[in-house]
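*Asks:* What follows is protein_27.cif; its format and atoms are mmCIF, C-alpha atoms and all ligand atoms.
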```
data_data
loop_
_atom_site.label_atom_id
_atom_site.label_comp_id
_atom_site.auth_asym_id
_atom_site.auth_seq_id
_atom_site.Cartn_x
_atom_site.Cartn_y
_atom_site.Cartn_z
CA MET K 1 -8.20 -17.29 -23.34
CA GLY K 2 -4.80 -18.47 -24.55
CA PHE K 3 -1.44 -17.11 -23.53
CA ASP K 4 -1.04 -15.22 -26.82
CA LEU K 5 2.70 -14.90 -26.38
CA ARG K 6 3.12 -13.62 -29.97
CA ALA K 7 1.02 -10.54 -29.27
CA ARG K 8 3.01 -9.75 -26.12
CA LEU K 9 6.29 -10.09 -27.97
CA ASP K 10 5.06 -7.98 -30.89
CA GLU K 11 3.93 -5.25 -28.54
CA ARG K 12 7.32 -5.20 -26.86
CA ARG K 13 9.03 -4.91 -30.21
CA ALA K 14 6.72 -2.10 -31.34
CA ARG K 15 7.65 -0.16 -28.19
CA HIS K 16 11.41 -0.47 -28.91
CA ARG K 17 11.84 -2.62 -25.79
CA TYR K 18 12.71 -5.95 -27.31
CA ARG K 19 15.98 -7.34 -25.99
CA HIS K 20 18.15 -10.35 -26.66
CA PRO K 21 21.63 -11.42 -25.58
CA ARG K 22 24.51 -10.68 -27.93
CA VAL K 23 26.82 -13.64 -28.41
CA GLN K 24 30.40 -12.69 -27.54
CA ASP K 25 33.24 -14.78 -28.90
CA GLY K 26 35.82 -14.11 -26.23
CA PRO K 27 36.38 -13.15 -22.59
CA CYS K 28 34.95 -10.06 -20.94
CA GLY K 29 37.47 -7.26 -21.29
CA ARG K 30 38.31 -4.00 -22.98
CA VAL K 31 37.31 -5.45 -26.33
CA ALA K 32 34.27 -7.61 -27.08
CA ARG K 33 34.13 -9.74 -30.23
CA VAL K 34 30.63 -9.98 -31.66
CA ASP K 35 29.69 -11.39 -35.10
CA GLY K 36 33.32 -11.37 -36.17
CA ARG K 37 33.87 -7.70 -35.29
CA ASP K 38 35.82 -6.23 -32.34
CA TYR K 39 34.09 -3.54 -30.30
CA LEU K 40 35.40 -1.42 -27.46
CA ASN K 41 33.30 -2.58 -24.53
CA PHE K 42 31.65 0.20 -22.51
CA CYS K 43 28.85 -1.86 -20.99
CA SER K 44 30.34 -4.40 -18.60
CA ASN K 45 30.46 -4.17 -14.80
CA ASP K 46 34.03 -5.45 -14.77
CA TYR K 47 35.10 -2.13 -13.29
CA LEU K 48 38.58 -3.20 -12.17
CA GLY K 49 39.38 -5.31 -15.24
CA LEU K 50 39.65 -8.53 -13.21
CA ALA K 51 37.19 -10.79 -15.08
CA ALA K 52 39.87 -12.18 -17.37
CA ASP K 53 42.94 -11.25 -15.30
CA ALA K 54 45.71 -13.85 -15.78
CA GLU K 55 46.27 -14.46 -12.05
CA VAL K 56 42.56 -14.81 -11.35
CA VAL K 57 42.15 -17.22 -14.27
CA ALA K 58 45.18 -19.24 -13.08
CA ALA K 59 43.66 -19.49 -9.58
CA PHE K 60 40.39 -20.69 -11.10
CA ARG K 61 42.14 -23.32 -13.22
CA ALA K 62 44.26 -24.62 -10.34
CA ALA K 63 41.24 -24.81 -8.05
CA ALA K 64 39.19 -26.66 -10.68
CA ASP K 65 41.99 -29.25 -10.86
CA GLN K 66 41.99 -29.60 -7.08
CA TRP K 67 38.30 -29.27 -6.21
CA GLY K 68 36.48 -30.26 -9.39
CA VAL K 69 33.83 -28.24 -11.17
CA GLY K 70 30.55 -28.79 -9.35
CA SER K 71 30.18 -28.20 -5.61
CA GLY K 72 27.85 -31.20 -5.53
CA ALA K 73 25.15 -29.88 -3.20
CA SER K 74 23.85 -26.91 -1.25
CA HIS K 75 26.02 -25.54 1.60
CA LEU K 76 24.09 -27.36 4.33
CA VAL K 77 23.66 -30.78 2.75
CA CYS K 78 27.23 -32.07 2.27
CA GLY K 79 28.84 -28.96 3.70
CA HIS K 80 30.78 -26.59 1.48
CA GLN K 81 34.44 -26.90 0.50
CA ARG K 82 37.49 -25.23 2.01
CA PRO K 83 37.68 -22.46 -0.64
CA HIS K 84 34.12 -21.36 0.23
CA GLN K 85 35.06 -21.15 3.91
CA ASP K 86 38.29 -19.29 3.17
CA LEU K 87 36.51 -16.78 0.95
CA GLU K 88 33.84 -16.10 3.59
CA GLU K 89 36.59 -15.34 6.10
CA ALA K 90 38.43 -13.10 3.64
CA LEU K 91 35.23 -11.19 2.80
CA ALA K 92 34.41 -10.69 6.48
CA ALA K 93 37.89 -9.30 7.09
CA HIS K 94 37.76 -7.09 3.99
CA THR K 95 34.43 -5.56 4.99
CA GLY K 96 35.36 -5.19 8.67
CA ARG K 97 32.71 -7.55 10.02
CA SER K 98 32.62 -10.70 12.18
CA ARG K 99 31.20 -13.00 9.53
CA ALA K 100 30.23 -13.24 5.87
CA LEU K 101 28.00 -15.72 4.04
CA LEU K 102 28.23 -16.66 0.37
CA PHE K 103 25.24 -16.75 -1.97
CA SER K 104 25.29 -18.02 -5.56
CA THR K 105 24.12 -14.69 -7.02
CA GLY K 106 23.36 -11.18 -5.84
CA TYR K 107 19.73 -11.59 -6.78
CA MET K 108 19.51 -14.58 -4.45
CA ALA K 109 21.39 -12.81 -1.66
CA ASN K 110 18.86 -9.99 -1.68
CA LEU K 111 15.93 -12.41 -1.70
CA GLY K 112 17.53 -14.39 1.09
CA VAL K 113 18.32 -11.51 3.43
CA ILE K 114 15.11 -9.58 3.14
CA THR K 115 12.79 -12.58 3.42
CA ALA K 116 14.78 -13.87 6.40
CA LEU K 117 14.65 -10.56 8.26
CA VAL K 118 11.08 -9.34 7.67
CA GLY K 119 7.68 -10.88 7.05
CA ARG K 120 4.02 -10.29 7.92
CA GLY K 121 3.57 -7.61 10.55
CA ASP K 122 6.93 -6.02 9.64
CA ALA K 123 7.75 -3.30 7.11
CA ILE K 124 10.37 -2.87 4.40
CA PHE K 125 11.30 0.60 3.09
CA GLU K 126 13.10 0.92 -0.23
CA ASP K 127 14.51 3.70 -2.38
CA ARG K 128 12.43 4.04 -5.57
CA LEU K 129 15.47 3.42 -7.73
CA ASN K 130 16.62 0.25 -5.95
CA HIS K 131 17.74 -2.71 -8.04
CA ALA K 132 14.96 -5.07 -9.15
CA SER K 133 16.22 -7.83 -6.85
CA LEU K 134 15.75 -5.66 -3.75
CA LEU K 135 12.29 -4.63 -4.91
CA ASP K 136 11.29 -8.21 -5.72
CA ALA K 137 12.59 -9.39 -2.35
CA GLY K 138 10.55 -6.72 -0.56
CA LEU K 139 7.39 -7.80 -2.37
CA LEU K 140 8.07 -11.48 -1.74
CA SER K 141 8.73 -11.01 1.97
CA GLY K 142 5.09 -10.37 2.88
CA ALA K 143 6.16 -7.33 4.92
CA ARG K 144 4.41 -4.01 4.30
CA PHE K 145 6.25 -2.52 1.33
CA ARG K 146 6.98 1.21 1.15
CA ARG K 147 9.09 3.11 -1.38
CA PHE K 148 10.61 6.52 -0.72
CA ALA K 149 11.83 9.24 -3.09
CA HIS K 150 15.33 8.64 -4.41
CA ASN K 151 18.03 9.40 -1.83
CA ASP K 152 15.53 11.34 0.31
CA ALA K 153 16.44 10.53 3.93
CA GLY K 154 13.85 13.08 5.15
CA ALA K 155 11.05 11.28 3.33
CA LEU K 156 12.27 7.98 4.78
CA ALA K 157 12.34 9.43 8.31
CA GLY K 158 8.71 10.52 7.88
CA GLN K 159 7.62 7.08 6.68
CA LEU K 160 9.50 5.37 9.53
CA ALA K 161 7.96 7.69 12.12
CA ARG K 162 4.44 6.93 10.86
CA SER K 163 4.99 3.16 10.80
CA ASP K 164 3.67 0.93 13.56
CA ALA K 165 5.21 -2.21 12.06
CA GLY K 166 7.14 -4.71 14.16
CA ARG K 167 10.59 -4.95 12.58
CA LYS K 168 11.52 -2.19 10.15
CA LEU K 169 14.14 -2.82 7.48
CA VAL K 170 15.41 -0.19 5.06
CA ALA K 171 17.21 -1.33 1.90
CA VAL K 172 19.14 0.78 -0.60
CA ASP K 173 21.70 0.37 -3.36
CA GLY K 174 25.09 1.74 -2.21
CA VAL K 175 25.73 2.90 -5.79
CA PHE K 176 22.61 3.03 -7.94
CA SER K 177 23.07 0.68 -10.85
CA MET K 178 21.45 2.76 -13.59
CA ASP K 179 22.34 6.24 -12.28
CA GLY K 180 25.78 5.80 -10.75
CA ASP K 181 25.13 8.05 -7.75
CA GLN K 182 25.71 6.94 -4.15
CA ALA K 183 23.15 6.61 -1.37
CA PRO K 184 23.68 9.21 1.41
CA LEU K 185 24.36 6.64 4.10
CA ALA K 186 24.91 8.93 7.12
CA PRO K 187 21.46 10.61 6.93
CA LEU K 188 19.81 7.28 6.09
CA LEU K 189 21.46 5.72 9.15
CA ASP K 190 20.35 8.70 11.29
CA ALA K 191 16.75 8.09 10.16
CA CYS K 192 17.04 4.35 10.85
CA GLU K 193 18.66 4.70 14.25
CA ALA K 194 15.98 7.20 15.35
CA ALA K 195 13.25 4.70 14.47
CA ASP K 196 14.92 1.49 15.66
CA ALA K 197 15.12 0.31 12.03
CA TRP K 198 17.98 -1.56 10.33
CA LEU K 199 19.70 -0.40 7.17
CA MET K 200 20.84 -2.86 4.50
CA VAL K 201 23.14 -1.69 1.71
CA ASP K 202 23.43 -3.59 -1.57
CA ASP K 203 26.92 -2.54 -2.64
CA ALA K 204 27.06 -4.47 -5.92
CA HIS K 205 28.59 -1.45 -7.68
CA GLY K 206 30.64 -0.01 -4.81
CA LEU K 207 32.65 -3.02 -3.64
CA GLY K 208 36.16 -2.97 -5.06
CA VAL K 209 35.58 0.45 -6.58
CA LEU K 210 35.04 2.89 -3.70
CA ASP K 211 37.38 3.59 -0.74
CA GLY K 212 41.18 3.47 -0.95
CA GLN K 213 41.22 -0.31 -0.50
CA GLY K 214 38.03 -1.02 -2.41
CA ARG K 215 36.05 -1.74 0.74
CA GLY K 216 32.98 -0.09 -0.73
CA THR K 217 30.46 2.66 -0.12
CA ALA K 218 30.16 2.33 3.67
CA PHE K 219 33.91 2.73 4.20
CA ALA K 220 34.13 5.49 1.61
CA GLN K 221 31.44 7.41 3.51
CA GLY K 222 32.96 6.64 6.94
CA VAL K 223 29.91 4.85 8.35
CA ASN K 224 30.91 1.21 8.15
CA GLU K 225 30.62 0.42 11.84
CA ARG K 226 27.08 1.84 11.98
CA LEU K 227 25.76 -0.34 9.15
CA PRO K 228 24.12 -3.61 10.29
CA VAL K 229 23.68 -5.40 6.93
CA TYR K 230 26.19 -5.19 4.07
CA MET K 231 25.63 -7.11 0.83
CA GLY K 232 28.17 -7.24 -1.99
CA THR K 233 28.36 -9.05 -5.30
CA LEU K 234 31.38 -10.81 -6.77
CA GLY K 235 30.47 -10.52 -10.45
CA LYS K 236 31.22 -6.82 -10.88
CA GLY K 237 34.27 -5.11 -9.33
CA LEU K 238 35.74 -8.47 -8.28
CA GLY K 239 35.30 -9.94 -11.74
CA THR K 240 33.93 -13.41 -10.86
CA SER K 241 30.40 -14.48 -9.89
CA GLY K 242 28.25 -14.80 -6.78
CA ALA K 243 27.56 -12.61 -3.75
CA PHE K 244 27.80 -12.39 0.02
CA VAL K 245 26.24 -10.79 3.04
CA ALA K 246 28.46 -9.56 5.88
CA GLY K 247 27.50 -8.63 9.42
CA SER K 248 27.32 -9.83 12.99
CA GLU K 249 27.56 -13.43 14.15
CA GLU K 250 23.80 -13.40 14.91
CA LEU K 251 22.90 -11.99 11.50
CA ILE K 252 24.86 -14.66 9.65
CA GLU K 253 23.52 -17.48 11.83
CA THR K 254 20.00 -16.17 11.19
CA LEU K 255 20.60 -16.23 7.43
CA ILE K 256 21.99 -19.77 7.58
CA GLN K 257 18.85 -20.93 9.40
CA PHE K 258 16.20 -18.91 7.53
CA SER K 259 17.40 -17.74 4.06
CA ARG K 260 15.68 -20.04 1.60
CA SER K 261 17.85 -18.87 -1.31
CA TYR K 262 20.92 -19.91 0.72
CA ILE K 263 19.52 -23.21 1.98
CA TYR K 264 17.82 -24.58 -1.12
CA THR K 265 20.38 -24.06 -3.85
CA THR K 266 23.69 -25.52 -4.98
CA ALA K 267 26.77 -23.75 -3.63
CA MET K 268 28.87 -21.92 -6.21
CA PRO K 269 31.77 -23.95 -7.63
CA ALA K 270 34.76 -23.97 -5.26
CA ALA K 271 36.93 -22.74 -8.13
CA VAL K 272 34.86 -19.55 -8.32
CA ALA K 273 35.44 -19.02 -4.61
CA ALA K 274 39.19 -19.67 -4.96
CA ALA K 275 39.46 -17.29 -7.93
CA THR K 276 37.52 -14.66 -6.00
CA ARG K 277 39.95 -14.84 -3.09
CA VAL K 278 42.71 -13.89 -5.50
CA SER K 279 40.68 -11.15 -7.18
CA LEU K 280 39.70 -9.75 -3.76
CA ALA K 281 43.35 -9.55 -2.71
CA LYS K 282 44.24 -7.86 -6.00
CA ALA K 283 41.31 -5.45 -5.75
CA ALA K 284 42.43 -4.41 -2.26
CA ALA K 285 46.15 -4.08 -3.03
CA GLU K 286 46.30 -2.83 -6.63
CA THR K 287 45.30 0.76 -6.05
CA TRP K 288 46.42 1.70 -9.58
CA ARG K 289 43.16 0.18 -10.84
CA ARG K 290 41.07 2.68 -8.89
CA ASP K 291 43.44 5.52 -9.75
CA ARG K 292 43.17 4.73 -13.45
CA LEU K 293 39.39 4.49 -13.20
CA ALA K 294 39.20 7.89 -11.51
CA ALA K 295 41.26 9.44 -14.32
CA LEU K 296 39.10 7.82 -17.01
CA ILE K 297 35.91 8.98 -15.27
CA ARG K 298 37.20 12.57 -15.17
CA ARG K 299 38.24 12.42 -18.82
CA PHE K 300 34.89 11.04 -19.95
CA ARG K 301 32.79 13.48 -17.90
CA HIS K 302 34.77 16.47 -19.05
CA GLY K 303 34.62 15.47 -22.73
CA ALA K 304 30.95 14.45 -22.76
CA ALA K 305 29.87 17.62 -20.97
CA GLU K 306 31.83 19.72 -23.51
CA LEU K 307 29.90 17.99 -26.28
CA GLY K 308 26.68 19.04 -24.57
CA TYR K 309 25.56 15.58 -23.44
CA ALA K 310 23.47 15.41 -20.27
CA LEU K 311 25.27 13.37 -17.61
CA MET K 312 24.11 12.32 -14.18
CA ALA K 313 25.47 13.23 -10.71
CA SER K 314 27.86 10.29 -10.62
CA ASP K 315 31.50 10.00 -9.58
CA THR K 316 31.54 6.23 -10.10
CA PRO K 317 32.35 4.14 -13.20
CA ILE K 318 28.63 4.17 -14.09
CA GLN K 319 28.30 7.28 -16.29
CA PRO K 320 24.88 7.30 -17.96
CA ILE K 321 24.04 9.71 -20.77
CA ARG K 322 20.46 10.91 -20.46
CA VAL K 323 18.45 10.58 -23.64
CA GLY K 324 14.73 10.35 -22.80
CA GLU K 325 12.85 8.49 -25.52
CA ASP K 326 13.50 4.78 -26.02
CA ALA K 327 13.89 5.08 -29.80
CA ASP K 328 16.47 7.88 -29.44
CA ALA K 329 18.51 5.88 -26.94
CA LEU K 330 18.48 2.90 -29.31
CA ALA K 331 19.50 5.08 -32.27
CA LEU K 332 22.45 6.52 -30.33
CA SER K 333 23.52 3.03 -29.20
CA ARG K 334 23.36 1.84 -32.83
CA ALA K 335 25.34 4.84 -34.09
CA LEU K 336 28.08 4.03 -31.58
CA ALA K 337 28.03 0.35 -32.58
CA GLU K 338 28.61 1.36 -36.20
CA ARG K 339 31.79 3.06 -34.99
CA GLY K 340 32.90 -0.03 -33.07
CA LEU K 341 31.70 0.83 -29.56
CA LEU K 342 29.36 -1.22 -27.38
CA VAL K 343 27.19 0.92 -25.11
CA THR K 344 23.79 -0.43 -24.12
CA ALA K 345 20.58 1.58 -24.32
CA ILE K 346 18.73 1.16 -21.03
CA ARG K 347 14.96 1.49 -21.34
CA PRO K 348 11.89 1.02 -19.14
CA PRO K 349 11.07 -1.03 -17.12
CA THR K 350 14.73 -0.99 -16.01
CA VAL K 351 14.49 2.83 -15.70
CA PRO K 352 11.36 5.03 -15.30
CA GLU K 353 9.26 5.96 -18.37
CA GLY K 354 10.76 8.78 -20.43
CA GLN K 355 14.21 8.32 -18.89
CA ALA K 356 15.89 6.01 -21.39
CA ARG K 357 19.64 6.41 -21.34
CA LEU K 358 22.94 5.08 -22.55
CA ARG K 359 24.67 3.37 -19.66
CA VAL K 360 28.36 4.00 -20.22
CA THR K 361 30.55 2.03 -17.82
CA LEU K 362 34.26 2.56 -17.47
CA SER K 363 36.85 -0.01 -16.43
CA ALA K 364 40.47 -0.07 -15.35
CA ALA K 365 40.91 -2.29 -18.42
CA HIS K 366 40.29 0.80 -20.62
CA GLU K 367 43.00 3.14 -21.85
CA GLU K 368 42.73 6.90 -22.23
CA GLY K 369 42.62 6.50 -26.02
CA ASP K 370 39.52 4.29 -25.63
CA VAL K 371 37.65 7.07 -23.87
CA ASP K 372 38.77 9.47 -26.61
CA ARG K 373 37.37 7.12 -29.25
CA LEU K 374 34.07 7.02 -27.40
CA LEU K 375 34.00 10.82 -27.21
CA ASP K 376 34.81 11.13 -30.94
CA ALA K 377 31.97 8.78 -31.77
CA LEU K 378 29.61 10.71 -29.51
CA GLU K 379 30.58 13.91 -31.31
CA THR K 380 29.84 12.39 -34.72
CA ALA K 381 26.55 10.91 -33.50
CA LYS K 382 25.55 14.30 -32.15
CA CYS K 383 26.20 16.02 -35.49
CA ARG K 384 24.07 13.46 -37.28
CA ASN K 385 21.05 13.91 -35.01
N1 LIG K 401 22.11 -5.65 -6.88
C1 LIG K 401 22.46 -4.73 -7.78
C2 LIG K 401 22.48 -3.29 -7.37
C3 LIG K 401 22.81 -5.11 -9.08
O1 LIG K 401 23.14 -4.19 -10.00
C4 LIG K 401 22.80 -6.48 -9.42
C5 LIG K 401 23.23 -7.00 -10.78
N2 LIG K 401 22.78 -6.35 -11.86
C6 LIG K 401 22.40 -7.40 -8.45
C7 LIG K 401 22.08 -6.96 -7.20
C8 LIG K 401 22.31 -8.85 -8.76
O2 LIG K 401 23.55 -9.45 -8.66
P1 LIG K 401 23.86 -10.78 -9.48
O3 LIG K 401 24.12 -10.36 -10.88
O4 LIG K 401 25.04 -11.39 -8.80
O5 LIG K 401 22.63 -11.63 -9.37
#
```
Reformat the file's structure so that it appears as structure tokens.
*Replies:*
Amino acid sequence: MGFDLRARLDERRARHRYRHPRVQDGPCGRVARVDGRDYLNFCSNDYLGLAADAEVVAAFRAAADQWGVGSGASHLVCGHQRPHQDLEEALAAHTGRSRALLFSTGYMANLGVITALVGRGDAIFEDRLNHASLLDAGLLSGARFRRFAHNDAGALAGQLARSDAGRKLVAVDGVFSMDGDQAPLAPLLDACEAADAWLMVDDAHGLGVLDGQGRGTAFAQGVNERLPVYMGTLGKGLGTSGAFVAGSEELIETLIQFSRSYIYTTAMPAAVAAATRVSLAKAAAETWRRDRLAALIRRFRHGAAELGYALMASDTPIQPIRVGEDADALALSRALAERGLLVTAIRPPTVPEGQARLRVTLSAAHEEGDVDRLLDALETAKCRN
């Protein structure tokens, strides 16, 4: 039997699930240039508009001059550079924890934490709608893998009570990446504390966005000091690239000793770390970015609901429009592209079968008129259907 890759690809195409990267000719921002045409960009995770911010770019450039481009080795082989150390300290302070540890990507951070904390004889419990990297990490860990109904702390408590595993780790997205809703951290922590389990929150979409200073979901929900493991990414609200885990001294030392995706990979470029320190400071101080986002979110939700579109229970910049069938989601995405708007159709396996959607994301880089253009285009697309 051969690999028969052609048949697999053809099948994917026939099911409207074929994907490929668009080539953008310019930085990530309010407008994306693709094939010589400018589109309003409603699909990035650059929620605060920092990815191409002039001060962040200047910090990157200056640090590249000073520190070079490549970090040269993994953190533990030559040691990392001063900007890595400074960023870890700034992230620990920002998230109210003793220590923080950098990873090159969020995917790797999740693999690294979960496989370092649980293995055979232990158990990992995950929300059904968790990001793929948390799910993959759970499977890779060798721990018993359980999934619970979305945001159902009662169901989790039942599973924890029935478990006779050694260590029990619970992992959830702080803000769910394809739905935009938040995990109910207080009841999840109640369930964990009652069962001597640890909670880990992947706050890829909450950091920078939620809480008055952008300290994320755990601060916004007032439970930060109860949460043992906080993971955040740098490539979304903070506009750069990479990720970190923050927690106690013992947690971070454990990750340094046992996280294979920390140990066996090249450290991010020092210039990325230096640029992130600037974007972190801006994210914390420039509250107008979150204020503007909140106003845009309200404007979009109000307008889309008036048009009769089905939204989700989200107060974050992730504002999906429910569609259902893959082909319908693609058709709506294409209709918006014709009108100069980029909004990606999200299909299975990223979301469950029959729940294809348009993932609209808003950014502080947008203006009110941009949201109005999106709403106008949605109105026209609706009339055509
Ligand atoms: N966790 C969540 C919830 C995410 O949405 C993402 C990115 N899509 C990741 C982790 C992975 O982060 P990174 O892109 O830095 O690998």
*Asks:* At a cut-off of 9 Å and counting all atoms listed in the file, what residues surround ligand LIG 401 (chain K)? Please answer as a ChimeraX atom specification.
*Replies:* /K:45,103-110,130-134,172-178,202-205,231-236,241-243
*Asks:* Got a sec: who's within 10 Å of K:Asp315, counting only C-alpha atoms, leaving out chain neighbours fewer than 5 positions off, as a ChimeraX atom specification?
*Replies:* /K:175,180-182,210,294,297-298,301
*Asks:* Quick check, in Å to one decimal: how far apart do atom CA of K:Glu353 and atom CA of K:Val323 lie?
*Replies:*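 Interatomic distance here is 11.6 Å.
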*Asks:* Between atom CA of K:Leu362 and atom CA of K:Asn41, measure the distance and give it in Å to one decimal.
*Replies:*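 Atom-to-atom, atom CA of K:Leu362 and atom CA of K:Asn41 are spaced 8.8 Å apart.
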*Asks:* Env of stretch 265-267 of chain K: 8 Å cut, atoms = all atoms listed in the file, seq-sep filter 3 positions within chain, self excluded. Answer as a ChimeraX atom specification.
*Replies:* /K:71-75,80,103-104,261-262
*Asks:* Atom CA of K:Leu330 to atom CA of K:Pro352: how many Å, to one decimal?
*Replies:*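 Answer for the atom CA of K:Leu330 to atom CA of K:Pro352 separation: 15.9 Å.
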*Asks:* Write out as a PyMOL selection string each polymer residue whose atoms come within 9 Å of K:Asp25, counting all atoms listed in the file; drop sequence neighbours fewer than 5 positions from it.
*Replies:* chain K and resi 32-36
*Asks:* From the set K:Ala305, K:Ala356, K:Val223, K:Leu341, which residue has the shortest atom-to-atom contact distance to K:Leu199, counting all atoms listed in the file?
*Replies:*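 Going through K:Ala305, K:Ala356, K:Val223, K:Leu341 one by one, the smallest distance to K:Leu199 is for K:Val223.
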*Asks:* Which one of K:Ala153, K:Ala377, K:Leu111, K:Leu188 sits closest to K:Gly303 if you count all atoms listed in the file?
*Replies:* K:Ala377
*Asks:* Could you check the closest approach to K:Thr316 for each of K:Phe258, K:Ala274, K:Gly206, K:Arg13 and tell me which residue wins, using all atoms listed in the file?
*Replies:*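 Smallest separation from K:Thr316 among the options: K:Gly206.
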*Asks:* Identify, on the basis of all atoms listed in the file, every residue whose closest approach to K:Ala64 does not exceed 12 Å; exclude the query and any residue fewer than 2 positions from it along the same chain; express the result as a list of chain:residue names.
*Replies:* K:Val57, K:Ala58, K:Ala59, K:Phe60, K:Arg61, K:Ala62, K:Gln66, K:Trp67, K:Gly68, K:Val69, K:Gly70, K:Ser71, K:Pro83, K:Pro269, K:Ala270, K:Ala271, K:Val272, K:Ala273, K:Ala274, K:Ala275
*Asks:* Counting all atoms listed in the file, figure out which residue out of K:Leu296, K:Arg277, K:Leu358, K:Pro27 gets nearest to K:Arg82.
*Replies:*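 Going through K:Leu296, K:Arg277, K:Leu358, K:Pro27 one by one, the smallest distance to K:Arg82 is for K:Arg277.
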*Asks:* Nearest to K:Asp291 among K:Pro317, K:Gly142, K:Pro184, K:Pro348, with distances taken over only C-alpha atoms: which residue is it?
*Replies:* K:Pro317
*Asks:* List the spatial neighbours of K:Tyr47 as an NGL selection string - criterion: any atom at most 9 Å away, only C-alpha atoms, same-chain residues fewer than 5 positions off excluded.
*Replies:* :K and (205 or 208-209 or 236-239 or 289-290 or 293 or 317 or 361-365)
*Asks:* Using all atoms listed in the file, which residue out of K:Ser44, K:Ser163, K:Thr276, K:Gln355 lies closest to K:Leu102?
*Replies:*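 Checking each of K:Ser44, K:Ser163, K:Thr276, K:Gln355 against K:Leu102, counting all atoms listed in the file, the winner is K:Thr276.
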*Asks:* Which residues, protein or nucleic acid, reach to within 9 Å of (35.3, 11.0, -25.5) in the file's coordinates when using only C-alpha atoms, and can you give that as a list in words?
*Replies:*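 Residues close enough to count: Arg299, Phe300, Arg301, His302, Gly303, Ala304, Leu307, Gly369, Asp370, Val371, Asp372, Arg373, Leu374, Leu375, Asp376, Ala377, Leu378 and Glu379 of chain K.
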*Asks:* Could N, CA and C atoms be built for stretch 364-379 of chain K and written out as a short mmCIF file (atom, residue, chain, number, x, y, z; two decimals), in the frame of the given file?
*Replies:*
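Output file result11.cif is given in full below:
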```
data_model
loop_
_atom_site.label_atom_id
_atom_site.label_comp_id
_atom_site.auth_asym_id
_atom_site.auth_seq_id
_atom_site.Cartn_x
_atom_site.Cartn_y
_atom_site.Cartn_z
N ALA K 364 39.01 -0.22 -15.40
CA ALA K 364 40.47 -0.07 -15.35
C ALA K 364 41.13 -0.78 -16.53
N ALA K 365 40.36 -1.63 -17.22
CA ALA K 365 40.91 -2.29 -18.42
C ALA K 365 41.00 -1.31 -19.59
N HIS K 366 40.26 -0.19 -19.53
CA HIS K 366 40.29 0.80 -20.62
C HIS K 366 41.58 1.63 -20.59
N GLU K 367 41.89 2.19 -21.74
CA GLU K 367 43.00 3.14 -21.85
C GLU K 367 42.42 4.51 -22.17
N GLU K 368 43.24 5.55 -21.97
CA GLU K 368 42.73 6.90 -22.23
C GLU K 368 42.24 7.04 -23.67
N GLY K 369 43.00 6.41 -24.60
CA GLY K 369 42.62 6.50 -26.02
C GLY K 369 41.25 5.89 -26.28
N ASP K 370 40.84 4.90 -25.46
CA ASP K 370 39.52 4.29 -25.63
C ASP K 370 38.42 5.31 -25.32
N VAL K 371 38.64 6.05 -24.24
CA VAL K 371 37.65 7.07 -23.87
C VAL K 371 37.60 8.14 -24.98
N ASP K 372 38.74 8.48 -25.53
CA ASP K 372 38.77 9.47 -26.61
C ASP K 372 38.00 8.95 -27.83
N ARG K 373 38.13 7.68 -28.11
CA ARG K 373 37.37 7.12 -29.25
C ARG K 373 35.88 7.19 -28.99
N LEU K 374 35.49 6.93 -27.75
CA LEU K 374 34.07 7.02 -27.40
C LEU K 374 33.59 8.47 -27.56
N LEU K 375 34.40 9.42 -27.10
CA LEU K 375 34.00 10.82 -27.21
C LEU K 375 33.91 11.26 -28.68
N ASP K 376 34.86 10.80 -29.50
CA ASP K 376 34.81 11.13 -30.94
C ASP K 376 33.52 10.61 -31.56
N ALA K 377 33.19 9.37 -31.20
CA ALA K 377 31.97 8.78 -31.77
C ALA K 377 30.73 9.52 -31.28
N LEU K 378 30.76 9.95 -30.03
CA LEU K 378 29.61 10.71 -29.51
C LEU K 378 29.48 12.05 -30.24
N GLU K 379 30.62 12.63 -30.58
CA GLU K 379 30.58 13.91 -31.31
C GLU K 379 29.95 13.70 -32.69
#
```
